[in-house]
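A.B. asks: Please see the structure below; I have some questions.
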Amino acid sequence: MKSTVETLEGNKVKLQVEVDEAEFDRDIDVAFRKIAREVRLPGFRPGKAPRRILEARIGLAPARQQALQDAIPRYLADAVKEHDVDIISPPEVDITAGEEDGPVAFAATVEVRPTIIVPGYAGLRVELPPVSVSDDDVDEAVTAELRRHGTLTDVDRAAEAGDFLTLDVEAERDGDPVPGLNTEDWLYELGRGWVSPDFDERLTGAEAGHSLSFSTTPNGTEDPADLSVSVKQVQTLVPAELSDDWVGENLGEFETADEWRAAIRERMEASRLNSARQLLLERATSALAELVEEDAPEALVNGELQTRARDLVTSLQSQGVSMEQYLAMTGQDPATLTEGLKGSAATAVKVDLALRSVADAEGIEITDEDLEAEYARIAVRVSQKPNQVRKAYERNDAVSGLRAEIRKAKALEWLLRHVEVVDTEGAAIDRELLLPPEEDIVVPGDVDLGTDDVHDHAGHDHAGHDHAGHDHPHDTEEAERP
């Protein structure tokens with residue numbers, strides 16, 4: 001087989017492939033064996049009739065057409081691999097010779113992933129919430145816990161925000177009870193705003209024994225309702241008093257108030273740090289995507305959209321939720337959901353293209369050692385030997401896809417190490433503190449080696465979810481398909 005590649009306009013290339021007659025004749029042999037399994041001839045078991053008998057009975061044309069149908073995708077795949085063509089949509093194939101006899105030649109026009117330039121990627125600035133924990137933050141957490149252990153005490157005064165009121169509520173609309181708003185002895189914290197926009201304001205200043213009647217529009221509705229509210233009790237919450245003894249009695253894992261406060265600070269710092277790391281990934285890649293001036297190729301967007309829709313359905317099914325239920329819960333219709341998914345898919349495609357651009361600009365290359373290290377990491381996750389993982393990727397012709405994913409992950413790591421990070425006040429945040437562990441950046445995807453096949457994230461390169469993109473051949477046949 002001989003092949004050449006020609007660059008066309010519009011992110012397309014044309015592959016010209018020629019197959020000599022002797023090589024293609026072997027494909028015709030294979031086609032005859034396939035046909036033999038479907039044709040019944042006297043004196044021969046299914047699949048055992050020799051080619052010369054079949055050719056005499058049905059002629060050469062059916063086998064040649066079958067060979068063209070089966071072999072051209074394979075020859076095209078070989079040409080794609082030989083010329084390292086990163087195709088992103090189904091090819092348009094035109095057979096130019098050999099449909100009836102002689103050598104076979106065909107041309108395949110394919111859309112390829114564009115190579116872009118992203119100006120300004122080295123000067124990105126990301127704003128994050130503060131990661132430090134102040135004494136006031138700790139005091140607020142301590143106060144919240146002391147209030148949770150507090151007691152309610154009657155007060156002989158008008159109600160104010162933060163008080164707890166015991167209420168009887170009757171609500172009607174056009175003479176009919178309003179569902180969910182008729183209750184007795186309801187303990188309500190004034191200031192929550194749970195009933196309607198002006199409910200708390202009307203009750204502020206009321207005293208125990210007072211009754212009020214008014215019209216208001218309950219939250220989540222559009223029509224007003226008539227409410228009658230009786231204030232039976234006004235109470236204030238008296239928090240527990242902080243002491244070493246109280247801590248020891250109520251928080252058994254600590255002996256002193258200082259130990260408890262230190263643990264609160266440590267927990268809050270860890271929580272804020274984890275949130276900041278995730279936000280750094282999200283905002284850095286979003287900022288990178290905004291630098292991409294080119295439109296995301298429709299073929300890539302549609303592929304990513306299908307992946308995201310499939311993942312959503314799978315996730316919902318695992319939770320026992322139907323798509324209809326999900327749409328009802330989120331207040332969406334199918335068109336709105338699709339539009340939202342398509343928007344996030346387009347952003348993911350731009351991130352994919354931009355990370356590849358960063359890798360090109362920074363000269364990031366993947367060595368065999370990088371690849372072997374990734375095989376070892378995957379092997380640990382799937383409880384297989386690294387050699388088994390490597391063979392599975394090679395068998396599915398998915399190594400190039402894995403290399404691309406590792407390369408993008410390294411480009412993302414470069415980006416995170418160079419982005420300027422500030423808090424909401426503009427003060428610099430220590431970037432090294434926020435960098436996630438390397439294993440959280442290099443995430444080419446999940447592998448299922450239960451049948452020695454690479455399933456998810458190993459072959460055809462999609463723009464991906466998250467930050468570095470993913471690859472998605474779902475079976476051996478797909479991984480071998482051009």
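By order in the structure tokens, chains are A, B, ...; within a chain, residues start at 1; ligands start at 1, following the order shown.
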I need the residues in stretch 8-257 of chain A that are strand (DSSP E) according to DSSP; give them as a ChimeraX atom specification.
C.D. replies: /A:8,12-19,92-97,104-111,125-128,151-154,164-173,176-177,183-189,211-216,225-238
A.B. asks: Can you write just those residues out, C-alpha atoms, as a PDB file, in the first residue's frame?
C.D. replies:
ATOM      1  CA  LEU A   8      -6.658  21.447   2.003  1.00  0.00           C
ATOM      2  CA  LYS A  12      -9.100  19.330   5.964  1.00  0.00           C
ATOM      3  CA  VAL A  13      -6.637  16.996   4.334  1.00  0.00           C
ATOM      4  CA  LYS A  14      -6.930  14.552   1.445  1.00  0.00           C
ATOM      5  CA  LEU A  15      -5.378  11.110   1.752  1.00  0.00           C
ATOM      6  CA  GLN A  16      -4.598   9.305  -1.496  1.00  0.00           C
ATOM      7  CA  VAL A  17      -4.214   5.537  -1.066  1.00  0.00           C
ATOM      8  CA  GLU A  18      -3.139   2.951  -3.657  1.00  0.00           C
ATOM      9  CA  VAL A  19      -3.287  -0.829  -3.111  1.00  0.00           C
ATOM     10  CA  GLU A  92     -15.579  11.282   2.669  1.00  0.00           C
ATOM     11  CA  VAL A  93     -14.243   8.366   0.608  1.00  0.00           C
ATOM     12  CA  ASP A  94     -14.142   8.321  -3.193  1.00  0.00           C
ATOM     13  CA  ILE A  95     -12.974   5.099  -4.897  1.00  0.00           C
ATOM     14  CA  THR A  96     -11.003   6.223  -7.954  1.00  0.00           C
ATOM     15  CA  ALA A  97      -9.843   2.853  -9.306  1.00  0.00           C
ATOM     16  CA  VAL A 104      -7.461  -0.253  -5.954  1.00  0.00           C
ATOM     17  CA  ALA A 105      -7.116   3.463  -5.359  1.00  0.00           C
ATOM     18  CA  PHE A 106      -9.229   5.808  -3.298  1.00  0.00           C
ATOM     19  CA  ALA A 107      -9.164   9.334  -1.934  1.00  0.00           C
ATOM     20  CA  ALA A 108     -10.416  10.242   1.550  1.00  0.00           C
ATOM     21  CA  THR A 109     -11.123  13.821   2.551  1.00  0.00           C
ATOM     22  CA  VAL A 110     -11.119  14.249   6.322  1.00  0.00           C
ATOM     23  CA  GLU A 111     -11.503  17.122   8.750  1.00  0.00           C
ATOM     24  CA  ARG A 125      -4.498  36.178  36.107  1.00  0.00           C
ATOM     25  CA  VAL A 126      -6.966  34.234  38.254  1.00  0.00           C
ATOM     26  CA  GLU A 127      -8.925  35.599  41.194  1.00  0.00           C
ATOM     27  CA  LEU A 128      -9.823  33.256  44.052  1.00  0.00           C
ATOM     28  CA  THR A 151     -31.180  26.853  74.909  1.00  0.00           C
ATOM     29  CA  LEU A 152     -34.278  28.898  74.089  1.00  0.00           C
ATOM     30  CA  THR A 153     -35.417  31.388  76.734  1.00  0.00           C
ATOM     31  CA  ASP A 154     -38.661  33.393  76.792  1.00  0.00           C
ATOM     32  CA  PHE A 164     -37.466  32.252  67.664  1.00  0.00           C
ATOM     33  CA  LEU A 165     -41.251  32.627  67.392  1.00  0.00           C
ATOM     34  CA  THR A 166     -43.798  29.909  68.019  1.00  0.00           C
ATOM     35  CA  LEU A 167     -46.553  30.535  65.454  1.00  0.00           C
ATOM     36  CA  ASP A 168     -49.946  29.308  64.353  1.00  0.00           C
ATOM     37  CA  VAL A 169     -50.407  30.100  60.661  1.00  0.00           C
ATOM     38  CA  GLU A 170     -53.539  29.928  58.519  1.00  0.00           C
ATOM     39  CA  ALA A 171     -53.257  30.709  54.818  1.00  0.00           C
ATOM     40  CA  GLU A 172     -56.028  30.885  52.220  1.00  0.00           C
ATOM     41  CA  ARG A 173     -56.314  31.813  48.606  1.00  0.00           C
ATOM     42  CA  ASP A 176     -59.099  27.476  49.846  1.00  0.00           C
ATOM     43  CA  PRO A 177     -56.166  26.511  52.152  1.00  0.00           C
ATOM     44  CA  THR A 183     -49.517  24.879  60.644  1.00  0.00           C
ATOM     45  CA  GLU A 184     -49.608  25.049  64.425  1.00  0.00           C
ATOM     46  CA  ASP A 185     -46.824  25.515  66.990  1.00  0.00           C
ATOM     47  CA  TRP A 186     -44.291  26.239  64.294  1.00  0.00           C
ATOM     48  CA  LEU A 187     -40.918  27.317  65.713  1.00  0.00           C
ATOM     49  CA  TYR A 188     -39.673  29.937  63.276  1.00  0.00           C
ATOM     50  CA  GLU A 189     -36.419  31.913  63.380  1.00  0.00           C
ATOM     51  CA  SER A 211     -52.283  38.182  66.043  1.00  0.00           C
ATOM     52  CA  LEU A 212     -51.751  39.586  62.574  1.00  0.00           C
ATOM     53  CA  SER A 213     -53.716  39.322  59.313  1.00  0.00           C
ATOM     54  CA  PHE A 214     -52.286  40.406  55.994  1.00  0.00           C
ATOM     55  CA  SER A 215     -51.975  39.507  52.317  1.00  0.00           C
ATOM     56  CA  THR A 216     -48.640  38.442  50.870  1.00  0.00           C
ATOM     57  CA  ALA A 225     -52.632  34.671  49.777  1.00  0.00           C
ATOM     58  CA  ASP A 226     -54.413  35.818  52.935  1.00  0.00           C
ATOM     59  CA  LEU A 227     -52.509  34.936  56.116  1.00  0.00           C
ATOM     60  CA  SER A 228     -53.592  34.920  59.743  1.00  0.00           C
ATOM     61  CA  VAL A 229     -50.659  34.565  62.140  1.00  0.00           C
ATOM     62  CA  SER A 230     -50.820  34.119  65.910  1.00  0.00           C
ATOM     63  CA  VAL A 231     -47.608  34.751  67.868  1.00  0.00           C
ATOM     64  CA  LYS A 232     -47.761  32.366  70.828  1.00  0.00           C
ATOM     65  CA  GLN A 233     -44.228  32.737  72.153  1.00  0.00           C
ATOM     66  CA  VAL A 234     -41.120  34.866  71.591  1.00  0.00           C
ATOM     67  CA  GLN A 235     -37.811  33.345  72.598  1.00  0.00           C
ATOM     68  CA  THR A 236     -34.128  34.106  72.217  1.00  0.00           C
ATOM     69  CA  LEU A 237     -31.360  31.567  71.824  1.00  0.00           C
ATOM     70  CA  VAL A 238     -28.809  31.598  74.617  1.00  0.00           C
TER      71      VAL A 238
END
A.B. asks: Which residues are close to A:Gly205, i.e. within 9 Å by only C-alpha atoms, leaving aside same-chain residues fewer than 4 positions away? Reply as a PyMOL selection string.
C.D. replies: chain A and resi 157-160+201
A.B. asks: Please save C-alpha atoms of the selected residues as a CSV table (one decimal), in the first residue's frame.
C.D. replies:
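Now in again.csv:
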chain,number,residue,atom,x,y,z
A,157,ARG,CA,-40.3,42.2,74.6
A,158,ALA,CA,-41.1,42.8,70.9
A,159,ALA,CA,-39.7,40.2,68.4
A,160,GLU,CA,-36.5,41.1,66.5
A,201,GLU,CA,-40.8,42.4,58.3
